[in-house]
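S.K.: So here's model08.pdb, just PDB, C-alpha atoms, pLDDT in the B column:
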ATOM      1  CA  MET B   1     -17.833  59.481  35.442  1.00 79.00           C
ATOM      2  CA  THR B   2     -15.100  56.842  35.420  1.00 91.00           C
ATOM      3  CA  LYS B   3     -11.600  58.031  36.319  1.00 97.00           C
ATOM      4  CA  ILE B   4      -8.335  56.461  35.206  1.00 97.00           C
ATOM      5  CA  GLU B   5      -7.304  53.903  37.812  1.00 97.00           C
ATOM      6  CA  ASN B   6      -6.023  50.334  37.850  1.00 96.00           C
ATOM      7  CA  ASN B   7      -8.124  47.912  35.805  1.00 96.00           C
ATOM      8  CA  THR B   8      -9.687  50.594  33.613  1.00 96.00           C
ATOM      9  CA  VAL B   9      -9.232  50.870  29.856  1.00 96.00           C
ATOM     10  CA  ALA B  10      -8.029  54.330  28.868  1.00 96.00           C
ATOM     11  CA  ARG B  11      -8.027  55.854  25.381  1.00 97.00           C
ATOM     12  CA  VAL B  12      -5.858  58.940  25.017  1.00 98.00           C
ATOM     13  CA  HIS B  13      -4.444  61.236  22.371  1.00 98.00           C
ATOM     14  CA  TYR B  14      -0.891  62.273  23.175  1.00 98.00           C
ATOM     15  CA  THR B  15       2.169  64.074  21.927  1.00 98.00           C
ATOM     16  CA  GLY B  16       5.578  63.243  23.373  1.00 98.00           C
ATOM     17  CA  THR B  17       8.394  65.773  23.102  1.00 98.00           C
ATOM     18  CA  LEU B  18      11.974  66.084  24.291  1.00 98.00           C
ATOM     19  CA  PRO B  19      11.903  68.977  26.782  1.00 97.00           C
ATOM     20  CA  ASP B  20      15.402  70.209  25.868  1.00 93.00           C
ATOM     21  CA  SER B  21      14.661  70.691  22.168  1.00 96.00           C
ATOM     22  CA  GLY B  22      10.872  70.459  21.807  1.00 96.00           C
ATOM     23  CA  GLU B  23      11.390  67.714  19.205  1.00 97.00           C
ATOM     24  CA  VAL B  24       8.319  65.462  18.842  1.00 98.00           C
ATOM     25  CA  PHE B  25       9.366  61.824  19.294  1.00 97.00           C
ATOM     26  CA  ASP B  26       5.870  60.304  19.093  1.00 97.00           C
ATOM     27  CA  SER B  27       2.268  61.387  18.677  1.00 98.00           C
ATOM     28  CA  SER B  28      -1.172  59.942  18.070  1.00 97.00           C
ATOM     29  CA  GLU B  29      -2.077  62.968  15.932  1.00 94.00           C
ATOM     30  CA  GLY B  30      -3.774  61.794  12.756  1.00 95.00           C
ATOM     31  CA  ARG B  31      -4.156  58.269  14.187  1.00 96.00           C
ATOM     32  CA  ASP B  32      -6.537  56.460  16.489  1.00 95.00           C
ATOM     33  CA  PRO B  33      -6.127  57.209  20.188  1.00 96.00           C
ATOM     34  CA  LEU B  34      -3.751  55.035  22.203  1.00 96.00           C
ATOM     35  CA  THR B  35      -5.717  52.385  24.112  1.00 95.00           C
ATOM     36  CA  PHE B  36      -4.289  50.586  27.126  1.00 95.00           C
ATOM     37  CA  LEU B  37      -5.268  48.583  30.204  1.00 95.00           C
ATOM     38  CA  VAL B  38      -4.176  50.602  33.232  1.00 96.00           C
ATOM     39  CA  GLY B  39      -2.030  48.898  35.862  1.00 95.00           C
ATOM     40  CA  HIS B  40      -0.761  46.047  33.678  1.00 94.00           C
ATOM     41  CA  LYS B  41       2.676  47.442  32.766  1.00 91.00           C
ATOM     42  CA  GLN B  42       1.781  48.245  29.170  1.00 91.00           C
ATOM     43  CA  MET B  43       3.016  51.828  29.507  1.00 94.00           C
ATOM     44  CA  ILE B  44       6.161  53.409  30.862  1.00 93.00           C
ATOM     45  CA  PRO B  45       5.748  53.750  34.652  1.00 87.00           C
ATOM     46  CA  GLY B  46       5.428  57.511  34.965  1.00 95.00           C
ATOM     47  CA  PHE B  47       2.895  57.824  32.136  1.00 97.00           C
ATOM     48  CA  GLU B  48       0.199  55.886  33.993  1.00 95.00           C
ATOM     49  CA  ARG B  49       1.052  57.481  37.336  1.00 96.00           C
ATOM     50  CA  GLU B  50       0.563  60.984  35.946  1.00 98.00           C
ATOM     51  CA  LEU B  51      -2.814  60.079  34.438  1.00 98.00           C
ATOM     52  CA  MET B  52      -4.287  58.471  37.562  1.00 97.00           C
ATOM     53  CA  GLY B  53      -7.537  60.201  38.496  1.00 98.00           C
ATOM     54  CA  ALA B  54      -7.985  61.879  35.107  1.00 98.00           C
ATOM     55  CA  LYS B  55     -11.372  61.633  33.380  1.00 97.00           C
ATOM     56  CA  VAL B  56     -12.741  62.099  29.860  1.00 98.00           C
ATOM     57  CA  GLY B  57     -11.969  65.565  28.540  1.00 98.00           C
ATOM     58  CA  ASP B  58      -9.052  66.201  30.888  1.00 98.00           C
ATOM     59  CA  LYS B  59      -5.879  67.548  29.306  1.00 98.00           C
ATOM     60  CA  VAL B  60      -2.724  66.750  31.231  1.00 98.00           C
ATOM     61  CA  GLU B  61       0.867  67.860  30.623  1.00 98.00           C
ATOM     62  CA  PHE B  62       3.788  66.328  32.502  1.00 98.00           C
ATOM     63  CA  THR B  63       7.515  65.742  32.223  1.00 98.00           C
ATOM     64  CA  LEU B  64       9.026  62.418  33.233  1.00 98.00           C
ATOM     65  CA  SER B  65      12.611  61.887  34.334  1.00 97.00           C
ATOM     66  CA  ALA B  66      14.554  59.182  32.492  1.00 97.00           C
ATOM     67  CA  GLU B  67      14.031  56.900  35.501  1.00 96.00           C
ATOM     68  CA  ASP B  68      10.220  57.155  35.131  1.00 96.00           C
ATOM     69  CA  ALA B  69      10.387  56.760  31.355  1.00 96.00           C
ATOM     70  CA  TYR B  70      12.768  54.335  29.600  1.00 96.00           C
ATOM     71  CA  GLY B  71      15.412  54.277  32.318  1.00 96.00           C
ATOM     72  CA  GLU B  72      18.935  55.604  32.416  1.00 97.00           C
ATOM     73  CA  HIS B  73      21.315  54.822  29.562  1.00 97.00           C
ATOM     74  CA  ASN B  74      23.201  51.638  30.485  1.00 97.00           C
ATOM     75  CA  PRO B  75      26.759  51.644  29.082  1.00 97.00           C
ATOM     76  CA  ASP B  76      26.903  47.840  29.489  1.00 97.00           C
ATOM     77  CA  ALA B  77      24.176  47.568  26.830  1.00 97.00           C
ATOM     78  CA  VAL B  78      26.563  48.976  24.207  1.00 97.00           C
ATOM     79  CA  GLN B  79      28.646  46.229  22.610  1.00 96.00           C
ATOM     80  CA  SER B  80      31.058  45.618  19.745  1.00 96.00           C
ATOM     81  CA  VAL B  81      30.059  42.723  17.527  1.00 94.00           C
ATOM     82  CA  PRO B  82      32.101  41.091  14.740  1.00 96.00           C
ATOM     83  CA  VAL B  83      30.752  42.097  11.333  1.00 94.00           C
ATOM     84  CA  GLU B  84      30.388  38.388  10.454  1.00 93.00           C
ATOM     85  CA  MET B  85      27.544  38.128  13.004  1.00 92.00           C
ATOM     86  CA  PHE B  86      25.342  40.161  10.637  1.00 92.00           C
ATOM     87  CA  GLY B  87      25.336  37.495   7.907  1.00 90.00           C
ATOM     88  CA  GLY B  88      23.928  38.954   4.688  1.00 89.00           C
ATOM     89  CA  ILE B  89      22.873  42.244   6.295  1.00 91.00           C
ATOM     90  CA  THR B  90      24.973  45.328   5.588  1.00 93.00           C
ATOM     91  CA  PRO B  91      24.690  47.305   8.819  1.00 94.00           C
ATOM     92  CA  GLU B  92      24.373  51.096   8.644  1.00 96.00           C
ATOM     93  CA  VAL B  93      24.470  53.650  11.463  1.00 97.00           C
ATOM     94  CA  GLY B  94      20.926  54.288  12.699  1.00 95.00           C
ATOM     95  CA  MET B  95      19.530  50.891  11.689  1.00 95.00           C
ATOM     96  CA  THR B  96      17.362  49.142  14.235  1.00 95.00           C
ATOM     97  CA  LEU B  97      17.570  45.362  14.075  1.00 95.00           C
ATOM     98  CA  MET B  98      16.237  42.466  16.137  1.00 93.00           C
ATOM     99  CA  SER B  99      18.239  39.800  17.924  1.00 91.00           C
ATOM    100  CA  ASP B 100      17.507  37.025  20.392  1.00 90.00           C
ATOM    101  CA  LEU B 101      18.147  39.622  23.129  1.00 87.00           C
ATOM    102  CA  GLY B 102      15.694  42.130  21.638  1.00 91.00           C
ATOM    103  CA  PRO B 103      15.991  45.189  19.418  1.00 94.00           C
ATOM    104  CA  PHE B 104      19.238  47.097  19.059  1.00 96.00           C
ATOM    105  CA  ARG B 105      20.515  50.118  17.141  1.00 97.00           C
ATOM    106  CA  VAL B 106      23.665  50.233  15.058  1.00 97.00           C
ATOM    107  CA  THR B 107      25.711  53.197  16.347  1.00 97.00           C
ATOM    108  CA  GLU B 108      29.075  52.719  14.628  1.00 97.00           C
ATOM    109  CA  VAL B 109      30.262  50.687  11.629  1.00 97.00           C
ATOM    110  CA  GLY B 110      33.880  49.598  11.334  1.00 96.00           C
ATOM    111  CA  ASP B 111      35.641  47.269   8.900  1.00 93.00           C
ATOM    112  CA  LYS B 112      35.702  44.349  11.337  1.00 95.00           C
ATOM    113  CA  GLU B 113      33.369  45.341  14.177  1.00 96.00           C
ATOM    114  CA  ILE B 114      29.975  46.967  14.531  1.00 97.00           C
ATOM    115  CA  THR B 115      28.986  48.892  17.670  1.00 97.00           C
ATOM    116  CA  VAL B 116      25.401  48.182  18.735  1.00 97.00           C
ATOM    117  CA  ASP B 117      23.263  49.678  21.498  1.00 97.00           C
ATOM    118  CA  PHE B 118      20.564  47.621  23.219  1.00 97.00           C
ATOM    119  CA  ASN B 119      19.299  50.634  25.199  1.00 97.00           C
ATOM    120  CA  HIS B 120      15.912  52.038  24.183  1.00 94.00           C
ATOM    121  CA  ALA B 121      16.447  55.016  21.868  1.00 92.00           C
ATOM    122  CA  LEU B 122      14.919  57.289  24.551  1.00 96.00           C
ATOM    123  CA  ALA B 123      16.874  55.837  27.493  1.00 96.00           C
ATOM    124  CA  GLY B 124      18.562  58.498  29.568  1.00 97.00           C
ATOM    125  CA  LYS B 125      16.172  61.226  28.400  1.00 97.00           C
ATOM    126  CA  SER B 126      13.461  63.193  30.146  1.00 98.00           C
ATOM    127  CA  LEU B 127      10.181  63.164  28.213  1.00 98.00           C
ATOM    128  CA  THR B 128       7.282  65.632  28.157  1.00 98.00           C
ATOM    129  CA  PHE B 129       3.772  64.460  27.313  1.00 98.00           C
ATOM    130  CA  ASN B 130       0.643  66.401  26.435  1.00 98.00           C
ATOM    131  CA  VAL B 131      -2.289  64.025  26.874  1.00 98.00           C
ATOM    132  CA  GLU B 132      -6.031  64.353  26.279  1.00 98.00           C
ATOM    133  CA  VAL B 133      -8.244  61.671  27.819  1.00 98.00           C
ATOM    134  CA  VAL B 134     -10.734  60.526  25.158  1.00 97.00           C
ATOM    135  CA  ASP B 135     -12.424  57.609  26.942  1.00 96.00           C
ATOM    136  CA  VAL B 136     -12.210  55.689  30.202  1.00 97.00           C
ATOM    137  CA  ARG B 137     -14.186  52.577  31.062  1.00 96.00           C
ATOM    138  CA  PRO B 138     -13.939  49.748  33.555  1.00 96.00           C
ATOM    139  CA  ALA B 139     -12.053  46.759  32.130  1.00 93.00           C
ATOM    140  CA  ASP B 140     -14.045  43.556  31.849  1.00 92.00           C
ATOM    141  CA  ASP B 141     -12.904  40.316  33.484  1.00 92.00           C
ATOM    142  CA  SER B 142     -11.424  38.874  30.274  1.00 89.00           C
ATOM    143  CA  GLU B 143      -9.307  42.006  29.697  1.00 91.00           C
ATOM    144  CA  ILE B 144      -7.954  41.835  33.235  1.00 91.00           C
ATOM    145  CA  MET B 145      -7.280  38.107  32.874  1.00 91.00           C
ATOM    146  CA  HIS B 146      -5.538  38.567  29.487  1.00 89.00           C
ATOM    147  CA  GLY B 147      -3.648  41.687  30.608  1.00 89.00           C
ATOM    148  CA  HIS B 148      -4.693  43.861  27.660  1.00 88.00           C
ATOM    149  CA  ALA B 149      -7.636  45.885  26.347  1.00 89.00           C
ATOM    150  CA  HIS B 150     -10.081  44.392  23.852  1.00 88.00           C
ATOM    151  CA  GLY B 151     -12.303  46.203  21.349  1.00 77.00           C
ATOM    152  CA  PRO B 152     -11.528  49.417  19.449  1.00 69.00           C
ATOM    153  CA  GLY B 153      -7.851  50.243  19.772  1.00 64.00           C
ATOM    154  CA  GLY B 154      -7.198  47.070  21.750  1.00 69.00           C
ATOM    155  CA  VAL B 155      -6.397  43.470  20.874  1.00 69.00           C
ATOM    156  CA  GLN B 156      -8.854  41.801  18.503  1.00 67.00           C
ATOM    157  CA  HIS B 157      -9.003  38.050  19.050  1.00 65.00           C
ATOM    158  CA  ASP B 158     -10.085  36.065  15.970  1.00 62.00           C
ATOM    159  CA  GLU B 159     -11.705  33.438  18.126  1.00 56.00           C
ATOM    160  CA  PRO B 160     -12.794  33.503  21.733  1.00 55.00           C
ATOM    161  CA  VAL B 161      -9.751  32.821  23.877  1.00 51.00           C
ATOM    162  CA  GLU B 162     -10.265  30.227  26.541  1.00 54.00           C
ATOM    163  CA  THR B 163      -8.110  30.223  29.602  1.00 51.00           C
ATOM    164  CA  PRO B 164      -7.018  26.683  30.480  1.00 51.00           C
ATOM    165  CA  GLU B 165      -7.936  25.272  33.858  1.00 52.00           C
ATOM    166  CA  PRO B 166      -4.935  25.024  36.179  1.00 49.00           C
ATOM    167  CA  GLU B 167      -3.547  21.510  36.411  1.00 50.00           C
ATOM    168  CA  LYS B 168      -4.812  19.620  39.427  1.00 48.00           C
ATOM    169  CA  LYS B 169      -2.022  18.179  41.541  1.00 46.00           C
ATOM    170  CA  GLN B 170      -2.141  14.510  42.309  1.00 51.00           C
ATOM    171  CA  CYS B 171      -1.032  13.438  45.760  1.00 50.00           C
ATOM    172  CA  ASN B 172       1.280  10.473  46.360  1.00 48.00           C
ATOM    173  CA  ASP B 173       0.253   7.632  48.632  1.00 53.00           C
ATOM    174  CA  ASP B 174       2.203   9.265  51.471  1.00 49.00           C
ATOM    175  CA  GLY B 175       0.054  12.423  51.262  1.00 47.00           C
ATOM    176  CA  CYS B 176       2.779  14.609  49.726  1.00 47.00           C
ATOM    177  CA  CYS B 177       1.908  16.408  46.523  1.00 41.00           C
TER     178      CYS B 177
END
What's the C-alpha cells form of this structure?
M.R.:
Amino acid sequence: MTKIENNTVARVHYTGTLPDSGEVFDSSEGRDPLTFLVGHKQMIPGFERELMGAKVGDKVEFTLSAEDAYGEHNPDAVQSVPVEMFGGITPEVGMTLMSDLGPFRVTEVGDKEITVDFNHALAGKSLTFNVEVVDVRPADDSEIMHGHAHGPGGVQHDEPVETPEPEKKQCNDDGCC
C-alpha cells in the first residue's frame, strides 16, 4: 500500500479549526477531497510533514504552530493607503481585494486613508487539522514535471501540455559559451 511521501498524489478529506475557539476555518465536508502533489510546496509546510507516512484509511489529527502554517503576523504588511487608490471601489472593513502585490484585507476605513493588511487571514494563528486519507498513488512523470496533480481533483489540461526543449547554447569562436 502506497504511503504519503514526496512525489505521491494524495487525496484527503480535512477539517481545519482554530484550537483556541474550535471555529472551523475550512473543510472539505460536502465537497470533493483535496488533491495535491506531495513535496511541491502546494500545501502549508506542516500539513505535508504531519501526513508523511500515512496511508489510505488513516485518520490523523495535528496542531500546527503559526510558523508551520501561514507564518507569524508581519506588522510591516499592514499599510495605510490613500482612498483615491481604490478608484471606483468603495472599500469596506473585511473586504478582500487583489493588487499587484497579491491579496489584501481591508481592516479600517477612514475618510482619507484605508488600512489594508497583506498578511494571510490565518497568519499568526495555530491551526488544528483532522485529516482522513482517501487515496494515495505515485505521481506520474508529467505531474512531477508540471508540479501539480492531474486527473480527478487535480489540474485538467484541455490539450496535452508539451514541455519545451531547453535552448541549446551556441559557442563563440573562442570556445566560450
S.K.: Using all atoms listed in the file, can you tell me which of B:Ser80, B:Thr35, B:Ser27, B:Gln42 comes closest to B:Val136?
M.R.: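 Using all atoms listed in the file, B:Val136 sits closest to B:Thr35.
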S.K.: Measuring atom to atom with all atoms listed in the file, identify which of B:Leu64, B:Val131, B:Val9, B:Ala54 is nearest to B:Ser28.
M.R.: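 For B:Ser28, the nearest of the candidates is B:Val131.
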S.K.: Counting all atoms listed in the file, which residue out of B:Asp117, B:Asp58, B:Glu50, B:Glu92 sits closest to B:Ala77?
M.R.: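 Going through B:Asp117, B:Asp58, B:Glu50, B:Glu92 one by one, the smallest distance to B:Ala77 is for B:Asp117.
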S.K.: Assuming the chain letters and numbering stay as they are in my file, what does the PyMOL selection byres ((chain B and resi 122) around 10) actually select? List them as a PyMOL selection string.
M.R.: chain B and resi 18+25+66+69-73+119-121+123-127
S.K.: Taking 3 positions as the minimum chain separation for residues in the same chain, which residues sit within 10 Å of B:Leu101 when counting all atoms listed in the file? Answer as a list in words.
M.R.: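 Counting only the stated atoms, we get Met98, Phe104 and Phe118 of chain B.
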S.K.: Kindly give the distance, in Å, that separates atom CA of B:Gly30 and atom CA of B:Glu61, rounded to a single decimal.
M.R.: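 Going from atom CA of B:Gly30 over to atom CA of B:Glu61 covers 19.4 Å.
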S.K.: Using only C-alpha atoms, which of the listed residues (B:Glu108, B:Glu113, B:Glu48, B:Asp68) sits closest to B:Ile4?
M.R.: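 Result for the nearest residue to B:Ile4: B:Glu48.
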S.K.: Excluding B:Ala139 and its own-chain neighbours fewer than 3 positions away, which residues fall within 8 Å of it when counting all atoms listed in the file? Please give them as a ChimeraX atom specification.
M.R.: /B:7-9,37,143-144,149
S.K.: One decimal, Å: what's the distance from atom CA of B:Val109 over to atom CA of B:Pro75, could you say?
M.R.: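 Atom CA of B:Val109 sits 17.8 Å away from atom CA of B:Pro75.
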